[in-house]
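*Asks:* If it helps, the file is called final15.cif and holds mmCIF, C-alpha atoms:
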```cif
data_structure
#
loop_
_atom_site.group_PDB
_atom_site.id
_atom_site.type_symbol
_atom_site.label_atom_id
_atom_site.label_comp_id
_atom_site.auth_asym_id
_atom_site.auth_seq_id
_atom_site.Cartn_x
_atom_site.Cartn_y
_atom_site.Cartn_z
ATOM 1 C CA MET O 247 165.441 45.699 223.418
ATOM 2 C CA GLN O 248 165.888 49.298 222.280
ATOM 3 C CA LEU O 249 167.154 49.503 218.696
ATOM 4 C CA PRO O 250 170.127 51.731 217.884
ATOM 5 C CA ALA O 251 168.684 55.003 216.565
ATOM 6 C CA SER O 252 170.853 54.669 213.477
ATOM 7 C CA ARG O 253 168.828 51.701 212.214
ATOM 8 C CA VAL O 254 165.600 53.689 212.039
ATOM 9 C CA GLU O 255 167.385 56.669 210.436
ATOM 10 C CA VAL O 256 168.891 54.387 207.774
ATOM 11 C CA MET O 257 165.435 52.955 207.068
ATOM 12 C CA LYS O 258 164.020 56.453 206.612
ATOM 13 C CA PHE O 259 166.850 57.385 204.245
ATOM 14 C CA ILE O 260 166.422 54.307 202.028
ATOM 15 C CA GLY O 261 162.626 54.688 202.141
ATOM 16 C CA LEU O 262 162.895 58.043 200.345
ATOM 17 C CA LYS O 263 163.766 56.140 197.154
ATOM 18 C CA MET O 264 161.039 53.525 197.509
ATOM 19 C CA ASP O 265 159.280 54.340 194.228
ATOM 20 C CA ASP O 266 162.523 53.590 192.372
ATOM 21 C CA LEU O 267 162.941 50.298 194.226
ATOM 22 C CA ILE O 268 159.331 49.262 193.604
ATOM 23 C CA GLY O 269 159.741 50.071 189.923
ATOM 24 C CA LYS O 270 162.859 47.915 189.764
ATOM 25 C CA PHE O 271 161.688 44.841 191.679
ATOM 26 C CA LEU O 272 157.882 44.692 191.365
ATOM 27 C CA LYS O 273 155.759 44.605 188.217
ATOM 28 C CA PRO O 274 152.893 46.963 187.314
ATOM 29 C CA ILE O 275 149.650 45.352 188.464
ATOM 30 C CA ASP O 276 147.952 45.608 185.064
ATOM 31 C CA THR O 277 150.789 43.666 183.413
ATOM 32 C CA ASN O 278 151.077 40.944 186.052
ATOM 33 C CA TRP O 279 149.833 37.387 185.597
ATOM 34 C CA GLN O 280 146.752 36.448 187.588
ATOM 35 C CA PRO O 281 145.663 32.967 188.782
ATOM 36 C CA SER O 282 142.857 32.818 186.211
ATOM 37 C CA ASP O 283 145.450 33.079 183.415
ATOM 38 C CA LEU O 284 146.837 29.686 184.417
ATOM 39 C CA LEU O 285 143.682 27.726 185.250
ATOM 40 C CA PRO O 286 140.783 26.262 183.235
ATOM 41 C CA GLU O 287 138.311 28.977 182.220
ATOM 42 C CA SER O 288 135.018 28.409 184.020
ATOM 43 C CA ASP O 289 132.980 30.084 181.262
ATOM 44 C CA SER O 290 134.450 27.875 178.553
ATOM 45 C CA GLU O 291 132.498 25.049 176.921
ATOM 46 C CA ASP O 292 135.562 22.883 177.517
ATOM 47 C CA PHE O 293 135.713 23.613 181.256
ATOM 48 C CA LEU O 294 134.691 20.143 182.452
ATOM 49 C CA THR O 295 136.932 18.453 179.879
ATOM 50 C CA ASP O 296 139.852 20.636 180.991
ATOM 51 C CA ILE O 297 139.268 19.699 184.635
ATOM 52 C CA LYS O 298 139.266 15.992 183.768
ATOM 53 C CA LEU O 299 142.551 16.430 181.895
ATOM 54 C CA LEU O 300 143.999 18.333 184.867
ATOM 55 C CA GLN O 301 142.963 15.553 187.256
ATOM 56 C CA GLU O 302 144.415 12.881 184.979
ATOM 57 C CA SER O 303 147.767 14.720 184.969
ATOM 58 C CA CYS O 304 147.738 14.756 188.796
ATOM 59 C CA LYS O 305 146.958 11.065 189.368
ATOM 60 C CA GLU O 306 150.558 9.891 189.153
ATOM 61 C CA LEU O 307 152.126 12.664 191.225
ATOM 62 C CA PRO O 308 153.973 10.965 194.134
ATOM 63 C CA TYR O 309 152.641 11.199 197.684
ATOM 64 C CA ASP O 310 155.608 13.228 198.950
ATOM 65 C CA TYR O 311 155.242 15.631 196.046
ATOM 66 C CA ILE O 312 151.570 16.306 196.829
ATOM 67 C CA ALA O 313 152.465 16.792 200.507
ATOM 68 C CA VAL O 314 155.162 19.330 199.638
ATOM 69 C CA LEU O 315 152.889 21.177 197.218
ATOM 70 C CA ILE O 316 150.175 21.424 199.888
ATOM 71 C CA GLY O 317 152.686 22.617 202.496
ATOM 72 C CA ASP O 318 153.969 25.250 200.066
ATOM 73 C CA THR O 319 150.398 26.360 199.377
ATOM 74 C CA ILE O 320 149.544 26.715 203.067
ATOM 75 C CA THR O 321 152.750 28.701 203.577
ATOM 76 C CA GLU O 322 151.849 31.059 200.732
ATOM 77 C CA GLU O 323 148.296 31.474 202.018
ATOM 78 C CA ALA O 324 149.469 32.618 205.439
ATOM 79 C CA LEU O 325 150.224 35.982 203.794
ATOM 80 C CA PRO O 326 148.129 38.050 206.266
ATOM 81 C CA THR O 327 150.630 37.042 208.966
ATOM 82 C CA TYR O 328 153.601 38.169 206.889
ATOM 83 C CA GLU O 329 152.090 41.511 205.897
ATOM 84 C CA SER O 330 151.126 42.400 209.469
ATOM 85 C CA TRP O 331 154.604 41.345 210.649
ATOM 86 C CA LEU O 332 156.426 43.581 208.143
ATOM 87 C CA MET O 333 154.112 46.501 208.892
ATOM 88 C CA SER O 334 155.271 46.321 212.529
ATOM 89 C CA VAL O 335 158.971 46.679 211.663
ATOM 90 C CA GLU O 336 160.705 49.822 212.954
ATOM 91 C CA GLY O 337 160.923 52.390 210.161
ATOM 92 C CA VAL O 338 157.755 51.191 208.411
ATOM 93 C CA ASP O 339 155.200 53.963 208.988
ATOM 94 C CA ASN O 340 151.860 53.465 207.252
ATOM 95 C CA ASP O 341 150.298 56.529 208.926
ATOM 96 C CA ASN O 342 152.833 59.268 208.240
ATOM 97 C CA GLU O 343 154.854 57.813 205.353
ATOM 98 C CA PRO O 344 152.407 55.618 203.391
ATOM 99 C CA GLN O 345 154.481 55.984 200.214
ATOM 100 C CA GLY O 346 157.729 54.758 201.768
ATOM 101 C CA TRP O 347 158.384 51.332 203.269
ATOM 102 C CA ALA O 348 154.667 50.812 203.927
ATOM 103 C CA LYS O 349 154.051 51.075 200.179
ATOM 104 C CA TRP O 350 156.675 48.394 199.568
ATOM 105 C CA VAL O 351 155.020 46.050 202.091
ATOM 106 C CA ARG O 352 151.579 46.535 200.535
ATOM 107 C CA TRP O 353 152.749 46.103 196.950
ATOM 108 C CA TRP O 354 154.981 43.135 197.781
ATOM 109 C CA SER O 355 152.062 41.527 199.625
ATOM 110 C CA ALA O 356 149.814 42.114 196.610
ATOM 111 C CA GLU O 357 152.196 40.205 194.342
ATOM 112 C CA GLU O 358 152.663 37.425 196.852
ATOM 113 C CA ASN O 359 148.907 37.045 197.375
ATOM 114 C CA ARG O 360 148.523 35.571 193.883
ATOM 115 C CA HIS O 361 150.707 32.570 194.745
ATOM 116 C CA GLY O 362 148.417 31.041 197.364
ATOM 117 C CA ASP O 363 145.328 31.819 195.289
ATOM 118 C CA LEU O 364 146.728 29.996 192.263
ATOM 119 C CA LEU O 365 148.022 26.930 194.106
ATOM 120 C CA ASN O 366 144.857 26.616 196.202
ATOM 121 C CA LYS O 367 142.594 26.603 193.147
ATOM 122 C CA TYR O 368 144.820 24.135 191.334
ATOM 123 C CA LEU O 369 144.831 21.725 194.266
ATOM 124 C CA TYR O 370 141.051 22.053 194.604
ATOM 125 C CA LEU O 371 140.656 21.012 190.969
ATOM 126 C CA SER O 372 143.262 18.230 191.201
ATOM 127 C CA GLY O 373 141.048 15.775 193.092
ATOM 128 C CA ARG O 374 144.022 14.687 195.226
ATOM 129 C CA VAL O 375 143.410 16.879 198.257
ATOM 130 C CA ASN O 376 141.120 16.917 201.287
ATOM 131 C CA MET O 377 140.492 20.644 200.974
ATOM 132 C CA ARG O 378 138.810 21.032 204.357
ATOM 133 C CA GLU O 379 141.842 19.626 206.148
ATOM 134 C CA MET O 380 144.184 21.809 204.116
ATOM 135 C CA GLU O 381 142.067 24.895 204.777
ATOM 136 C CA THR O 382 142.000 24.093 208.490
ATOM 137 C CA SER O 383 145.807 23.949 208.519
ATOM 138 C CA THR O 384 145.923 27.320 206.759
ATOM 139 C CA GLN O 385 143.614 28.855 209.339
ATOM 140 C CA TYR O 386 145.736 27.410 212.143
ATOM 141 C CA LEU O 387 148.933 28.786 210.620
ATOM 142 C CA ILE O 388 147.491 32.292 210.377
ATOM 143 C CA ALA O 389 145.973 32.078 213.872
ATOM 144 C CA ASP O 390 149.175 30.706 215.434
ATOM 145 C CA GLY O 391 151.411 33.290 213.772
ATOM 146 C CA PHE O 392 155.132 32.714 213.960
ATOM 147 C CA ASP O 393 158.234 33.656 215.902
ATOM 148 C CA ILE O 394 161.192 34.110 213.583
ATOM 149 C CA GLY O 395 163.406 35.850 216.123
ATOM 150 C CA THR O 396 163.653 39.208 214.385
ATOM 151 C CA GLY O 397 161.416 41.313 216.591
ATOM 152 C CA THR O 398 160.781 44.699 214.980
ATOM 153 C CA ASP O 399 164.427 45.171 213.938
ATOM 154 C CA PRO O 400 164.547 46.031 210.204
ATOM 155 C CA TYR O 401 168.121 44.795 209.765
ATOM 156 C CA LYS O 402 167.309 41.349 211.180
ATOM 157 C CA ASN O 403 164.054 41.209 209.236
ATOM 158 C CA PHE O 404 165.765 41.916 205.922
ATOM 159 C CA VAL O 405 168.343 39.200 206.554
ATOM 160 C CA TYR O 406 165.413 36.865 207.127
ATOM 161 C CA THR O 407 163.471 37.926 204.040
ATOM 162 C CA SER O 408 166.571 37.762 201.829
ATOM 163 C CA PHE O 409 167.188 34.212 202.999
ATOM 164 C CA GLN O 410 163.559 33.144 202.890
ATOM 165 C CA GLU O 411 162.739 34.515 199.443
ATOM 166 C CA LEU O 412 165.624 32.550 197.922
ATOM 167 C CA ALA O 413 164.520 29.434 199.817
ATOM 168 C CA THR O 414 160.997 29.726 198.393
ATOM 169 C CA ASN O 415 162.421 30.307 194.922
ATOM 170 C CA ILE O 416 164.404 27.079 195.215
ATOM 171 C CA SER O 417 161.390 25.142 196.507
ATOM 172 C CA HIS O 418 159.021 26.302 193.748
ATOM 173 C CA ARG O 419 161.699 25.927 191.077
ATOM 174 C CA ARG O 420 162.345 22.331 192.127
ATOM 175 C CA THR O 421 158.632 21.463 192.232
ATOM 176 C CA ALA O 422 158.409 22.897 188.698
ATOM 177 C CA THR O 423 161.256 20.651 187.529
ATOM 178 C CA LEU O 424 159.796 17.578 189.214
ATOM 179 C CA SER O 425 156.283 18.088 187.842
ATOM 180 C CA LYS O 426 157.724 18.262 184.328
ATOM 181 C CA GLN O 427 159.560 14.992 184.991
ATOM 182 C CA TYR O 428 156.244 13.488 186.104
ATOM 183 C CA GLY O 429 154.678 14.605 182.817
ATOM 184 C CA ASN O 430 152.632 17.495 184.234
ATOM 185 C CA ASN O 431 153.720 20.512 182.178
ATOM 186 C CA HIS O 432 150.758 22.604 183.327
ATOM 187 C CA LEU O 433 151.747 22.368 186.991
ATOM 188 C CA SER O 434 155.377 22.921 186.036
ATOM 189 C CA LYS O 435 154.438 26.262 184.477
ATOM 190 C CA ILE O 436 152.448 27.256 187.572
ATOM 191 C CA CYS O 437 155.339 26.519 189.926
ATOM 192 C CA GLY O 438 157.740 28.212 187.520
ATOM 193 C CA VAL O 439 155.930 31.562 187.396
ATOM 194 C CA ILE O 440 155.728 31.611 191.198
ATOM 195 C CA ALA O 441 159.448 30.838 191.428
ATOM 196 C CA ALA O 442 160.185 33.765 189.107
ATOM 197 C CA ASP O 443 158.300 36.135 191.420
ATOM 198 C CA GLU O 444 160.231 34.851 194.418
ATOM 199 C CA MET O 445 163.542 35.468 192.647
ATOM 200 C CA ARG O 446 162.629 39.117 192.005
ATOM 201 C CA HIS O 447 161.594 39.515 195.630
ATOM 202 C CA TYR O 448 164.834 37.887 196.784
ATOM 203 C CA LYS O 449 166.850 40.358 194.721
ATOM 204 C CA ALA O 450 164.887 43.209 196.292
ATOM 205 C CA TYR O 451 165.494 42.231 199.905
ATOM 206 C CA LYS O 452 169.115 41.374 199.140
ATOM 207 C CA THR O 453 169.487 44.872 197.683
ATOM 208 C CA PHE O 454 167.964 46.453 200.791
ATOM 209 C CA VAL O 455 170.637 44.749 202.918
ATOM 210 C CA SER O 456 173.375 45.786 200.473
ATOM 211 C CA LYS O 457 172.291 49.419 200.793
ATOM 212 C CA ILE O 458 172.320 49.158 204.580
ATOM 213 C CA PHE O 459 175.841 47.663 204.499
ATOM 214 C CA GLU O 460 176.967 50.717 202.508
ATOM 215 C CA ILE O 461 175.619 53.114 205.140
ATOM 216 C CA ASP O 462 175.812 51.228 208.459
ATOM 217 C CA PRO O 463 178.143 48.219 207.967
ATOM 218 C CA SER O 464 178.939 47.410 211.594
ATOM 219 C CA GLU O 465 175.326 47.306 212.781
ATOM 220 C CA MET O 466 174.275 45.349 209.686
ATOM 221 C CA MET O 467 177.045 42.806 210.321
ATOM 222 C CA LEU O 468 175.882 42.323 213.906
ATOM 223 C CA ALA O 469 172.316 41.746 212.709
ATOM 224 C CA PHE O 470 173.507 39.189 210.159
ATOM 225 C CA GLU O 471 175.491 37.345 212.821
ATOM 226 C CA TYR O 472 172.488 37.346 215.170
ATOM 227 C CA MET O 473 170.244 35.737 212.568
ATOM 228 C CA MET O 474 172.847 33.135 211.618
ATOM 229 C CA LYS O 475 173.358 32.182 215.261
ATOM 230 C CA LYS O 476 169.623 31.920 215.828
ATOM 231 C CA LYS O 477 169.144 29.960 212.573
ATOM 232 C CA ILE O 478 166.609 30.928 209.941
ATOM 233 C CA VAL O 479 163.334 29.123 210.617
ATOM 234 C CA MET O 480 160.808 28.611 207.854
ATOM 235 C CA PRO O 481 157.624 30.740 208.024
ATOM 236 C CA ALA O 482 155.511 27.571 208.312
ATOM 237 C CA HIS O 483 157.429 26.184 211.292
ATOM 238 C CA PHE O 484 154.199 26.201 213.370
ATOM 239 C CA LEU O 485 152.392 24.094 210.717
ATOM 240 C CA ARG O 486 149.826 21.655 212.108
ATOM 241 C CA GLU O 487 146.773 19.597 211.185
ATOM 242 C CA THR O 488 143.490 18.930 212.973
ATOM 243 C CA GLY O 489 144.157 17.332 216.358
ATOM 244 C CA VAL O 490 147.916 17.873 216.124
ATOM 245 C CA LYS O 491 150.002 20.137 218.362
ATOM 246 C CA MET O 492 151.389 23.359 216.933
ATOM 247 C CA GLY O 493 154.494 22.739 214.811
ATOM 248 C CA GLN O 494 154.307 18.933 214.748
ATOM 249 C CA THR O 495 153.298 18.675 211.080
ATOM 250 C CA PHE O 496 156.149 20.891 209.914
ATOM 251 C CA SER O 497 158.851 18.293 210.567
ATOM 252 C CA HIS O 498 156.985 15.750 208.411
ATOM 253 C CA PHE O 499 156.550 18.329 205.644
ATOM 254 C CA SER O 500 160.262 19.132 205.878
ATOM 255 C CA ASP O 501 161.181 15.435 205.702
ATOM 256 C CA ALA O 502 159.103 15.019 202.539
ATOM 257 C CA ALA O 503 160.817 18.046 200.976
ATOM 258 C CA GLN O 504 164.240 16.605 201.803
ATOM 259 C CA ARG O 505 163.368 13.156 200.430
ATOM 260 C CA LEU O 506 162.310 14.782 197.155
ATOM 261 C CA GLY O 507 165.309 17.112 197.100
ATOM 262 C CA VAL O 508 162.961 20.115 196.933
ATOM 263 C CA TYR O 509 164.624 21.868 199.861
ATOM 264 C CA THR O 510 167.474 20.323 201.854
ATOM 265 C CA ALA O 511 169.990 21.132 204.573
ATOM 266 C CA ASN O 512 172.575 21.715 201.852
ATOM 267 C CA ASP O 513 170.289 24.299 200.234
ATOM 268 C CA TYR O 514 170.224 26.175 203.551
ATOM 269 C CA ILE O 515 174.012 26.257 203.599
ATOM 270 C CA GLU O 516 174.299 27.271 199.942
ATOM 271 C CA ILE O 517 171.887 30.182 200.476
ATOM 272 C CA MET O 518 174.068 31.352 203.344
ATOM 273 C CA GLU O 519 177.181 31.106 201.183
ATOM 274 C CA SER O 520 175.453 33.020 198.391
ATOM 275 C CA LEU O 521 174.527 35.881 200.726
ATOM 276 C CA ILE O 522 178.033 35.962 202.212
ATOM 277 C CA LYS O 523 179.431 36.344 198.712
ATOM 278 C CA ASP O 524 176.882 38.868 197.434
ATOM 279 C CA TRP O 525 177.214 41.073 200.508
ATOM 280 C CA ASN O 526 181.027 40.788 200.362
ATOM 281 C CA ILE O 527 181.213 39.778 204.007
ATOM 282 C CA GLU O 528 184.813 38.570 203.764
ATOM 283 C CA GLY O 529 186.002 41.856 202.281
ATOM 284 C CA MET O 530 184.098 44.115 204.673
ATOM 285 C CA ARG O 531 186.413 46.732 206.206
ATOM 286 C CA ASP O 532 186.129 49.841 208.394
ATOM 287 C CA ILE O 533 183.880 48.121 210.908
ATOM 288 C CA THR O 534 184.007 47.916 214.692
ATOM 289 C CA GLU O 535 185.922 45.241 216.567
ATOM 290 C CA GLN O 536 182.653 43.587 217.572
ATOM 291 C CA ALA O 537 181.538 43.556 213.940
ATOM 292 C CA GLU O 538 184.864 42.015 212.893
ATOM 293 C CA LYS O 539 184.266 39.155 215.316
ATOM 294 C CA ALA O 540 180.769 38.776 213.878
ATOM 295 C CA ARG O 541 182.221 38.639 210.363
ATOM 296 C CA ASP O 542 184.674 35.912 211.382
ATOM 297 C CA TYR O 543 181.850 33.868 212.916
ATOM 298 C CA ILE O 544 179.743 34.193 209.760
ATOM 299 C CA MET O 545 182.606 33.195 207.478
ATOM 300 C CA ALA O 546 183.309 30.012 209.473
ATOM 301 C CA LEU O 547 179.677 28.942 209.817
ATOM 302 C CA PRO O 548 178.963 27.252 206.436
ATOM 303 C CA ALA O 549 181.778 24.723 206.853
ATOM 304 C CA ARG O 550 180.593 23.860 210.364
ATOM 305 C CA LEU O 551 177.005 23.395 209.218
ATOM 306 C CA ARG O 552 178.103 21.244 206.287
ATOM 307 C CA ARG O 553 179.815 18.833 208.686
ATOM 308 C CA ILE O 554 176.581 18.604 210.686
ATOM 309 C CA ALA O 555 174.515 18.088 207.522
ATOM 310 C CA GLU O 556 176.722 15.181 206.472
ATOM 311 C CA ARG O 557 175.732 13.322 209.649
ATOM 312 C CA THR O 558 172.007 14.050 209.294
ATOM 313 C CA ARG O 559 169.718 11.322 207.996
ATOM 314 C CA VAL O 560 166.231 12.004 206.664
ATOM 315 C CA PRO O 561 163.523 9.553 207.816
ATOM 316 C CA GLU O 562 162.511 7.228 204.989
ATOM 317 C CA LEU O 563 159.020 6.405 206.240
ATOM 318 C CA GLU O 564 156.194 8.489 204.823
ATOM 319 C CA TYR O 565 153.926 10.277 207.273
ATOM 320 C CA GLU O 566 150.201 9.988 206.563
ATOM 321 C CA PHE O 567 149.002 13.557 206.054
ATOM 322 C CA SER O 568 145.326 14.304 206.621
ATOM 323 C CA TRP O 569 145.477 16.609 203.577
ATOM 324 C CA ILE O 570 145.850 13.883 200.948
ATOM 325 C CA THR O 571 142.925 11.779 199.748
ATOM 326 C CA ARG O 572 144.714 9.416 197.368
#
```
Could I get this structure in the form of structure tokens?
*Replies:*
Amino acid sequence: MQLPASRVEVMKFIGLKMDDLIGKFLKPIDTNWQPSDLLPESDSEDFLTDIKLLQESCKELPYDYIAVLIGDTITEEALPTYESWLMSVEGVDNDNEPQGWAKWVRWWSAEENRHGDLLNKYLYLSGRVNMREMETSTQYLIADGFDIGTGTDPYKNFVYTSFQELATNISHRRTATLSKQYGNNHLSKICGVIAADEMRHYKAYKTFVSKIFEIDPSEMMLAFEYMMKKKIVMPAHFLRETGVKMGQTFSHFSDAAQRLGVYTANDYIEIMESLIKDWNIEGMRDITEQAEKARDYIMALPARLRRIAERTRVPELEYEFSWITR
């Protein structure tokens, strides 16, 4: 479908200020934490002792918790898919405007890349994970790609990223809280620093949408409605294991997350309500008749989804993941 020309022009206009936006929402590389800052130092005399202590702290982590942590790690490690997807969005021009939106995508990807590196190395050291099976799932997820329903439309993509960055913040923040409850303060810190990154990235994408609403409110409202009707799917919705069909493992991962309270149907609804409030959807005026109908649909949606969520039951039985050794 041909995009309205206005959407690309708005992207170009906002992209002119990209250095300011990067300075506000991303950190200078030299000041950023790196995975090695949060893991045992391999050149230390205490390296083997530190690994044993790390493994001891992981022994009592519940099965569902390990499954969720692995699923989160695989999701983070599928970064090549996400970078190539954002580079294909209309208005992102890496050839002629490498310092505009393309610069944002590269720098955002660079920050995100640390998350999968850190979690992967931690899980490798934990002694709880069949790394080959986990790595196979990661390769499948990158190879399979994903279909999030946005196409190359920047407005739809930024609704998705706003929603998804807050969802990942919630997930990592909850795993941080749970690991502290299980007595693993080291893992809690790891999940916490990742959650902090995701919150900054959420604020960035939310700001992009806010700026678009200021310039092109009717088209932005229609894009928001489209994504809410389609439903936001998680980036790992094609998750699978060896010998399993594409997407089949994701439902089990999602069930484990809901049992733990790491990410639930109510969280989905609360994210939607938060975006509706922050983007002032209810108070939006001077929009087309079609956009007004879209606004009314959006405003009524959280209550309808909450009624559905109240009737939903999460399976109690644990699925046996190939990723977990013990």
*Asks:* Selection in question (the file shown): the PyMOL selection byres ((chain O and resi 569) around 10). Which residues does it include, as a VMD selection string?
*Replies:* chain O and resid 312 to 313 316 to 317 374 to 383 487 to 488 566 to 568 570 to 572
*Asks:* Please expand the PyMOL selection byres ((chain O and resi 323) around 12) into the concrete residues it hits in this file, giving the result as a PyMOL selection string.
*Replies:* chain O and resi 316-322+324-329+355+358-367+380-388+481-482
*Asks:* Can you tell me how far CA of Thr510 in chain O sits from CA of Gln410 in chain O, in Å to one decimal?
*Replies:*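 Separation of CA of Thr510 in chain O and CA of Gln410 in chain O: 13.4 Å.
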*Asks:* Could you tell me, as number ranges by chain, which residues have any atom at most 10 Å from (162.5, 18.9, 208.7), counting all atoms listed in the file?
*Replies:* O: 480, 483, 495-504, 509-511, 560-561
*Asks:* Specify the axis-aligned box that encloses all atoms of range 507-525 of chain O listed in the file after padding of 3 Å on each side, stating its centre and edge lengths in Å to one decimal as AutoDock Vina command-line options.
*Replies:*
```
--center_x 171.2 --center_y 29.1 --center_z 200.8 --size_x 22.5 --size_y 30.0 --size_z 13.6
```
